[in-house]
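Coordinates from structure14.pdb are shown below (PDB, C-alpha atoms).
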```
ATOM      1  CA  MET X   1     -72.081 -68.238 117.199
ATOM      2  CA  GLU X   2     -73.530 -66.565 114.105
ATOM      3  CA  LEU X   3     -75.306 -63.988 116.280
ATOM      4  CA  PHE X   4     -72.052 -63.244 118.131
ATOM      5  CA  VAL X   5     -70.178 -62.716 114.844
ATOM      6  CA  THR X   6     -72.953 -60.379 113.625
ATOM      7  CA  ILE X   7     -72.776 -58.301 116.798
ATOM      8  CA  ILE X   8     -68.973 -58.055 116.566
ATOM      9  CA  GLY X   9     -69.302 -57.003 112.920
ATOM     10  CA  VAL X  10     -71.818 -54.272 113.778
ATOM     11  CA  LEU X  11     -69.614 -53.086 116.653
ATOM     12  CA  MET X  12     -66.460 -52.901 114.518
ATOM     13  CA  ALA X  13     -68.294 -51.066 111.737
ATOM     14  CA  SER X  14     -69.871 -48.636 114.225
ATOM     15  CA  VAL X  15     -66.557 -47.787 115.888
ATOM     16  CA  PHE X  16     -64.381 -47.653 112.753
ATOM     17  CA  SER X  17     -65.587 -47.464 109.129
ATOM     18  CA  GLY X  18     -69.161 -46.467 109.949
ATOM     19  CA  ASN X  19     -68.341 -44.230 112.896
ATOM     20  CA  ILE X  20     -71.222 -41.821 113.401
ATOM     21  CA  VAL X  21     -68.839 -38.839 113.740
ATOM     22  CA  PHE X  22     -65.771 -39.469 111.594
ATOM     23  CA  GLY X  23     -67.421 -41.851 109.139
ATOM     24  CA  GLN X  24     -70.818 -40.148 108.711
ATOM     25  CA  SER X  25     -69.958 -36.546 109.716
ATOM     26  CA  MET X  26     -72.671 -36.309 112.371
ATOM     27  CA  ALA X  27     -72.505 -34.266 115.611
ATOM     28  CA  VAL X  28     -69.248 -32.574 114.601
ATOM     29  CA  CYS X  29     -70.181 -29.452 116.604
ATOM     30  CA  GLN X  30     -70.516 -31.497 119.788
ATOM     31  CA  LEU X  31     -67.271 -33.308 118.979
ATOM     32  CA  LEU X  32     -65.360 -30.030 118.824
ATOM     33  CA  GLY X  33     -67.131 -28.513 121.812
ATOM     34  CA  SER X  34     -66.922 -31.366 124.294
ATOM     35  CA  SER X  35     -63.504 -32.838 123.496
ATOM     36  CA  LYS X  36     -61.387 -30.092 125.088
ATOM     37  CA  LYS X  37     -60.917 -32.167 128.256
ATOM     38  CA  MET X  38     -60.883 -35.927 128.649
ATOM     39  CA  ASN X  39     -63.313 -36.040 131.585
ATOM     40  CA  THR X  40     -65.842 -33.900 129.701
ATOM     41  CA  ALA X  41     -65.465 -36.084 126.614
ATOM     42  CA  VAL X  42     -66.037 -39.271 128.604
ATOM     43  CA  GLY X  43     -69.008 -37.741 130.433
ATOM     44  CA  VAL X  44     -70.718 -36.461 127.294
ATOM     45  CA  GLY X  45     -69.939 -39.659 125.379
ATOM     46  CA  THR X  46     -71.375 -41.826 128.149
ATOM     47  CA  ALA X  47     -74.479 -39.623 128.389
ATOM     48  CA  VAL X  48     -74.997 -39.874 124.614
ATOM     49  CA  LEU X  49     -74.498 -43.645 124.797
ATOM     50  CA  ILE X  50     -77.207 -43.994 127.460
ATOM     51  CA  VAL X  51     -79.645 -41.677 125.673
ATOM     52  CA  ASN X  52     -78.871 -43.311 122.342
ATOM     53  CA  VAL X  53     -79.690 -46.830 123.540
ATOM     54  CA  LEU X  54     -82.844 -45.843 125.421
ATOM     55  CA  ALA X  55     -84.102 -43.553 122.651
ATOM     56  CA  THR X  56     -83.484 -46.146 119.939
ATOM     57  CA  VAL X  57     -85.355 -48.995 121.619
ATOM     58  CA  ILE X  58     -88.212 -46.781 122.854
ATOM     59  CA  CYS X  59     -88.652 -45.062 119.486
ATOM     60  CA  PHE X  60     -88.541 -48.397 117.681
ATOM     61  CA  ALA X  61     -91.398 -49.695 119.817
ATOM     62  CA  LEU X  62     -93.372 -46.448 119.459
ATOM     63  CA  TYR X  63     -92.855 -46.387 115.699
ATOM     64  CA  ARG X  64     -94.430 -49.830 115.449
ATOM     65  CA  LEU X  65     -97.410 -48.361 117.294
ATOM     66  CA  LEU X  66     -97.505 -45.358 114.961
ATOM     67  CA  VAL X  67     -97.515 -47.679 111.938
ATOM     68  CA  TYR X  68    -100.354 -49.680 113.452
ATOM     69  CA  LEU X  69    -102.366 -46.456 113.981
ATOM     70  CA  ASN X  70    -101.425 -45.047 110.534
ATOM     71  CA  LEU X  71     -99.652 -42.104 112.191
ATOM     72  CA  GLU X  72     -96.206 -42.529 110.611
ATOM     73  CA  TYR X  73     -96.091 -38.804 109.799
ATOM     74  CA  LEU X  74     -95.589 -38.155 113.543
ATOM     75  CA  ARG X  75     -92.286 -40.033 113.444
ATOM     76  CA  ILE X  76     -89.890 -37.064 113.722
ATOM     77  CA  ILE X  77     -91.804 -35.194 116.417
ATOM     78  CA  THR X  78     -92.176 -38.427 118.402
ATOM     79  CA  PHE X  79     -88.437 -39.095 118.221
ATOM     80  CA  LEU X  80     -87.731 -35.519 119.291
ATOM     81  CA  LEU X  81     -90.080 -35.648 122.284
ATOM     82  CA  ILE X  82     -88.615 -38.956 123.477
ATOM     83  CA  THR X  83     -85.071 -37.589 123.223
ATOM     84  CA  VAL X  84     -85.995 -34.403 125.124
ATOM     85  CA  ALA X  85     -87.653 -36.438 127.885
ATOM     86  CA  LEU X  86     -84.651 -38.761 128.230
ATOM     87  CA  VAL X  87     -82.101 -35.935 128.301
ATOM     88  CA  SER X  88     -84.159 -34.027 130.877
ATOM     89  CA  GLY X  89     -84.359 -37.126 133.072
ATOM     90  CA  LEU X  90     -80.629 -37.780 132.705
ATOM     91  CA  ASN X  91     -79.899 -34.141 133.543
ATOM     92  CA  ILE X  92     -81.896 -34.369 136.787
ATOM     93  CA  LEU X  93     -80.346 -37.728 137.695
ATOM     94  CA  MET X  94     -76.802 -36.531 137.060
ATOM     95  CA  ARG X  95     -77.395 -33.401 139.152
ATOM     96  CA  LYS X  96     -78.471 -35.627 142.052
ATOM     97  CA  VAL X  97     -75.732 -38.252 141.681
ATOM     98  CA  SER X  98     -72.675 -36.177 140.733
ATOM     99  CA  LYS X  99     -72.857 -32.405 140.879
ATOM    100  CA  ARG X 100     -69.195 -32.136 139.921
ATOM    101  CA  LEU X 101     -69.697 -34.100 136.700
ATOM    102  CA  HIS X 102     -72.894 -32.172 136.020
ATOM    103  CA  ARG X 103     -71.000 -28.861 136.285
ATOM    104  CA  SER X 104     -68.147 -30.124 134.102
ATOM    105  CA  LEU X 105     -70.557 -31.116 131.322
ATOM    106  CA  GLY X 106     -72.149 -27.669 131.492
ATOM    107  CA  VAL X 107     -74.159 -26.694 128.432
ATOM    108  CA  TYR X 108     -73.146 -29.797 126.475
ATOM    109  CA  LEU X 109     -75.578 -32.048 128.347
ATOM    110  CA  PRO X 110     -78.736 -30.163 127.252
ATOM    111  CA  LEU X 111     -77.273 -29.983 123.726
ATOM    112  CA  ILE X 112     -77.632 -33.775 123.491
ATOM    113  CA  THR X 113     -81.314 -33.006 122.826
ATOM    114  CA  THR X 114     -80.389 -31.681 119.385
ATOM    115  CA  ASN X 115     -77.611 -34.200 118.714
ATOM    116  CA  CYS X 116     -78.163 -35.232 115.101
ATOM    117  CA  ALA X 117     -76.245 -38.470 115.692
ATOM    118  CA  ILE X 118     -79.037 -39.756 117.937
ATOM    119  CA  PHE X 119     -81.694 -38.980 115.322
ATOM    120  CA  GLN X 120     -79.556 -40.595 112.632
ATOM    121  CA  VAL X 121     -79.237 -43.811 114.645
ATOM    122  CA  MET X 122     -82.987 -43.915 115.291
ATOM    123  CA  ASN X 123     -83.791 -43.351 111.624
ATOM    124  CA  ILE X 124     -81.271 -45.960 110.459
ATOM    125  CA  THR X 125     -82.667 -48.472 112.949
ATOM    126  CA  VAL X 126     -86.273 -47.941 111.897
ATOM    127  CA  ASN X 127     -85.421 -47.982 108.177
ATOM    128  CA  SER X 128     -83.322 -51.140 108.571
ATOM    129  CA  VAL X 129     -86.154 -53.013 110.245
ATOM    130  CA  LEU X 130     -88.843 -51.830 107.816
ATOM    131  CA  GLY X 131     -89.578 -54.392 105.144
ATOM    132  CA  GLN X 132     -87.676 -57.129 106.998
ATOM    133  CA  SER X 133     -89.342 -60.282 108.234
ATOM    134  CA  TYR X 134     -88.369 -59.567 111.834
ATOM    135  CA  THR X 135     -90.632 -60.339 114.733
ATOM    136  CA  PHE X 136     -91.154 -57.509 117.200
ATOM    137  CA  TRP X 137     -88.575 -58.909 119.632
ATOM    138  CA  GLN X 138     -86.024 -59.545 116.877
ATOM    139  CA  GLY X 139     -86.405 -55.950 115.725
ATOM    140  CA  PHE X 140     -86.239 -54.745 119.324
ATOM    141  CA  GLY X 141     -82.990 -56.694 119.834
ATOM    142  CA  PHE X 142     -81.544 -55.272 116.610
ATOM    143  CA  ALA X 143     -82.425 -51.739 117.779
ATOM    144  CA  ALA X 144     -80.758 -52.328 121.161
ATOM    145  CA  VAL X 145     -77.555 -53.753 119.637
ATOM    146  CA  TYR X 146     -77.334 -51.007 117.032
ATOM    147  CA  GLY X 147     -77.976 -48.303 119.630
ATOM    148  CA  VAL X 148     -75.214 -49.643 121.898
ATOM    149  CA  CYS X 149     -72.691 -50.026 119.069
ATOM    150  CA  MET X 150     -73.287 -46.580 117.566
ATOM    151  CA  GLY X 151     -73.183 -45.040 121.052
ATOM    152  CA  LEU X 152     -69.833 -46.718 121.685
ATOM    153  CA  GLY X 153     -68.636 -45.367 118.342
ATOM    154  CA  PHE X 154     -69.566 -41.843 119.396
ATOM    155  CA  LEU X 155     -67.849 -42.297 122.768
ATOM    156  CA  ALA X 156     -64.715 -43.634 121.048
ATOM    157  CA  ALA X 157     -64.648 -40.630 118.699
ATOM    158  CA  LEU X 158     -64.863 -38.165 121.599
ATOM    159  CA  VAL X 159     -62.165 -39.948 123.619
ATOM    160  CA  LEU X 160     -59.858 -40.157 120.599
ATOM    161  CA  MET X 161     -60.332 -36.489 119.792
ATOM    162  CA  ALA X 162     -59.846 -35.457 123.434
ATOM    163  CA  GLY X 163     -56.631 -37.470 123.625
ATOM    164  CA  VAL X 164     -55.181 -35.807 120.543
ATOM    165  CA  ARG X 165     -56.241 -32.320 121.674
ATOM    166  CA  THR X 166     -54.589 -32.924 125.058
ATOM    167  CA  LYS X 167     -51.334 -33.721 123.254
ATOM    168  CA  ASN X 168     -51.746 -30.619 121.090
ATOM    169  CA  GLU X 169     -51.696 -28.404 124.198
ATOM    170  CA  THR X 170     -48.021 -29.214 124.781
ATOM    171  CA  ALA X 171     -47.015 -29.465 121.116
ATOM    172  CA  LEU X 172     -45.070 -26.784 119.236
ATOM    173  CA  ILE X 173     -47.912 -25.429 117.091
ATOM    174  CA  PRO X 174     -47.638 -22.105 115.207
ATOM    175  CA  LYS X 175     -49.667 -19.394 116.938
ATOM    176  CA  PRO X 176     -52.265 -18.902 114.138
ATOM    177  CA  PHE X 177     -53.164 -22.606 114.317
ATOM    178  CA  ARG X 178     -53.546 -22.918 118.083
ATOM    179  CA  GLY X 179     -56.931 -23.648 119.616
ATOM    180  CA  PHE X 180     -59.893 -24.136 117.325
ATOM    181  CA  PRO X 181     -57.983 -24.158 113.980
ATOM    182  CA  ILE X 182     -55.774 -27.095 114.990
ATOM    183  CA  ALA X 183     -58.858 -28.877 116.353
ATOM    184  CA  LEU X 184     -60.518 -28.605 112.925
ATOM    185  CA  ILE X 185     -57.370 -29.823 111.193
ATOM    186  CA  THR X 186     -57.090 -32.721 113.651
ATOM    187  CA  ALA X 187     -60.729 -33.737 113.113
ATOM    188  CA  GLY X 188     -60.207 -33.612 109.342
ATOM    189  CA  LEU X 189     -57.107 -35.811 109.464
ATOM    190  CA  ILE X 190     -58.804 -38.362 111.724
ATOM    191  CA  ALA X 191     -61.830 -38.378 109.389
ATOM    192  CA  MET X 192     -59.495 -39.117 106.454
ATOM    193  CA  VAL X 193     -58.121 -42.144 108.324
ATOM    194  CA  PHE X 194     -61.645 -43.419 108.996
ATOM    195  CA  ALA X 195     -62.570 -42.826 105.348
ATOM    196  CA  GLY X 196     -59.568 -44.930 104.349
ATOM    197  CA  LEU X 197     -60.795 -47.744 106.617
ATOM    198  CA  ARG X 198     -64.219 -47.488 105.016
ATOM    199  CA  PHE X 199     -62.933 -47.712 101.450
ATOM    200  CA  SER X 200     -60.600 -50.559 102.370
ATOM    201  CA  GLY X 201     -63.639 -52.554 103.525
ATOM    202  CA  PHE X 202     -62.597 -52.682 107.168
TER     203      PHE X 202
END
```
Rewrite the structure from the file as structure tokens, please.
Amino acid sequence: MELFVTIIGVLMASVFSGNIVFGQSMAVCQLLGSSKKMNTAVGVGTAVLIVNVLATVICFALYRLLVYLNLEYLRIITFLLITVALVSGLNILMRKVSKRLHRSLGVYLPLITTNCAIFQVMNITVNSVLGQSYTFWQGFGFAAVYGVCMGLGFLAALVLMAGVRTKNETALIPKPFRGFPIALITAGLIAMVFAGLRFSGF
């Protein structure tokens, strides 16, 4: 029961107050670029979720190996190489499974390689486990749960933003604010709401 409550707490914090996009201001460029259409937002968000989970658990295990070999200074380049390999594999798989979805994602799929949100999640995971009396499997489980929750938070942010931008297309918006300007204003207002949730302790 205690484990279940902890997981729910991490999930709620990841989606709301600690949202990787609106709460921590990560991957804003990808938020604005891939939230123009709902299907693109869902596709990119799902791809980031998959890469996020796999990258977090793999990099956690590899970082333990780097610590054992006294090669901690290779941490960033190792994380980068793992992310590139995962995105490349996902790109090939998606091209085989759904060419239509692959075309709709366009350039945003390769851009996941440089998504700072993924690196932030990996760094937070590793730093959270360091100095704790976790066994390897406890730390591995923590990395998996955190990767899933933060990935869901990113997906929720994209879907929310895409939904609002879809409404904006039919709204009476002054001409100078149409398009990218209203998207920036929308992202700022949503971020203010998430900041309010954070300060309220939600």
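Remark: for Ala55 of chain X, the closest of the candidate residues X:Val193, X:Ile82, X:Ala156, X:Ala27 is X:Ile82 (distances computed over all atoms listed in the file).
Shortest separation to Ser34 of chain X among X:Tyr108, X:Trp137, X:Phe177, X:Phe154 occurs at residue X:Tyr108, atoms counted being only C-alpha atoms.
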Once 8 Å is added on each side, what are the centre and the three edge lengths, in Å to one decimal, of the axis-aligned box enclosing the listed atoms of segment 69-88 of chain X? Present them as AutoDock Vina command-line options.
```
--center_x -92.2 --center_y -40.2 --center_z 120.3 --size_x 36.3 --size_y 28.4 --size_z 37.1
```
Matched chain/residue IDs from the PyMOL selection byres ((chain X and resi 182-191) around 8), as an mmCIF file with C-alpha atoms, in the frame of the given file:
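As written to disk, out13.cif reads:
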```cif
data_model
loop_
_atom_site.group_PDB
_atom_site.id
_atom_site.type_symbol
_atom_site.label_atom_id
_atom_site.label_comp_id
_atom_site.auth_asym_id
_atom_site.auth_seq_id
_atom_site.Cartn_x
_atom_site.Cartn_y
_atom_site.Cartn_z
ATOM 1 C CA PHE X 22 -65.771 -39.469 111.594
ATOM 2 C CA GLY X 23 -67.421 -41.851 109.139
ATOM 3 C CA LEU X 32 -65.360 -30.030 118.824
ATOM 4 C CA MET X 161 -60.332 -36.489 119.792
ATOM 5 C CA VAL X 164 -55.181 -35.807 120.543
ATOM 6 C CA ARG X 165 -56.241 -32.320 121.674
ATOM 7 C CA PHE X 177 -53.164 -22.606 114.317
ATOM 8 C CA ARG X 178 -53.546 -22.918 118.083
ATOM 9 C CA GLY X 179 -56.931 -23.648 119.616
ATOM 10 C CA PHE X 180 -59.893 -24.136 117.325
ATOM 11 C CA PRO X 181 -57.983 -24.158 113.980
ATOM 12 C CA MET X 192 -59.495 -39.117 106.454
ATOM 13 C CA VAL X 193 -58.121 -42.144 108.324
ATOM 14 C CA PHE X 194 -61.645 -43.419 108.996
ATOM 15 C CA ALA X 195 -62.570 -42.826 105.348
#
```
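Picture a line from atom CA of Ser98 of chain X to atom CA of Val42 of chain X; it runs 14.2 Å.
When the PyMOL selection byres ((chain X and resi 45) around 10) is run on the displayed coordinates, the residues it returns are Gln30, Leu31, Ser34, Ser35, Asn39, Thr40, Ala41, Val42, Gly43, Val44, Thr46, Ala47, Val48, Leu49, Ile50, Val51, Leu109, Ile112, Gly151, Leu152, Gly153, Phe154, Leu155, Ala156, Ala157, Leu158 and Val159 of chain X.
Closest approach to Gln120 of chain X from the set X:Met150, X:Ile7, X:Leu197, X:Leu101 is made by X:Met150, with distances taken over only C-alpha atoms.
Considering the residues X:Met38, X:Leu54, X:Val15, X:Ala117 and counting all atoms listed in the file, Gly89 of chain X has its shortest atom-to-atom contact with X:Leu54.
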Closest of X:Ile8, X:Leu172, X:Ile92, X:Ala143 to Val53 of chain X, counting only C-alpha atoms, is X:Ala143
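Shortest separation to Asn115 of chain X among X:Ala171, X:Ala61, X:Cys149, X:Val84 occurs at residue X:Val84, atoms counted being only C-alpha atoms.
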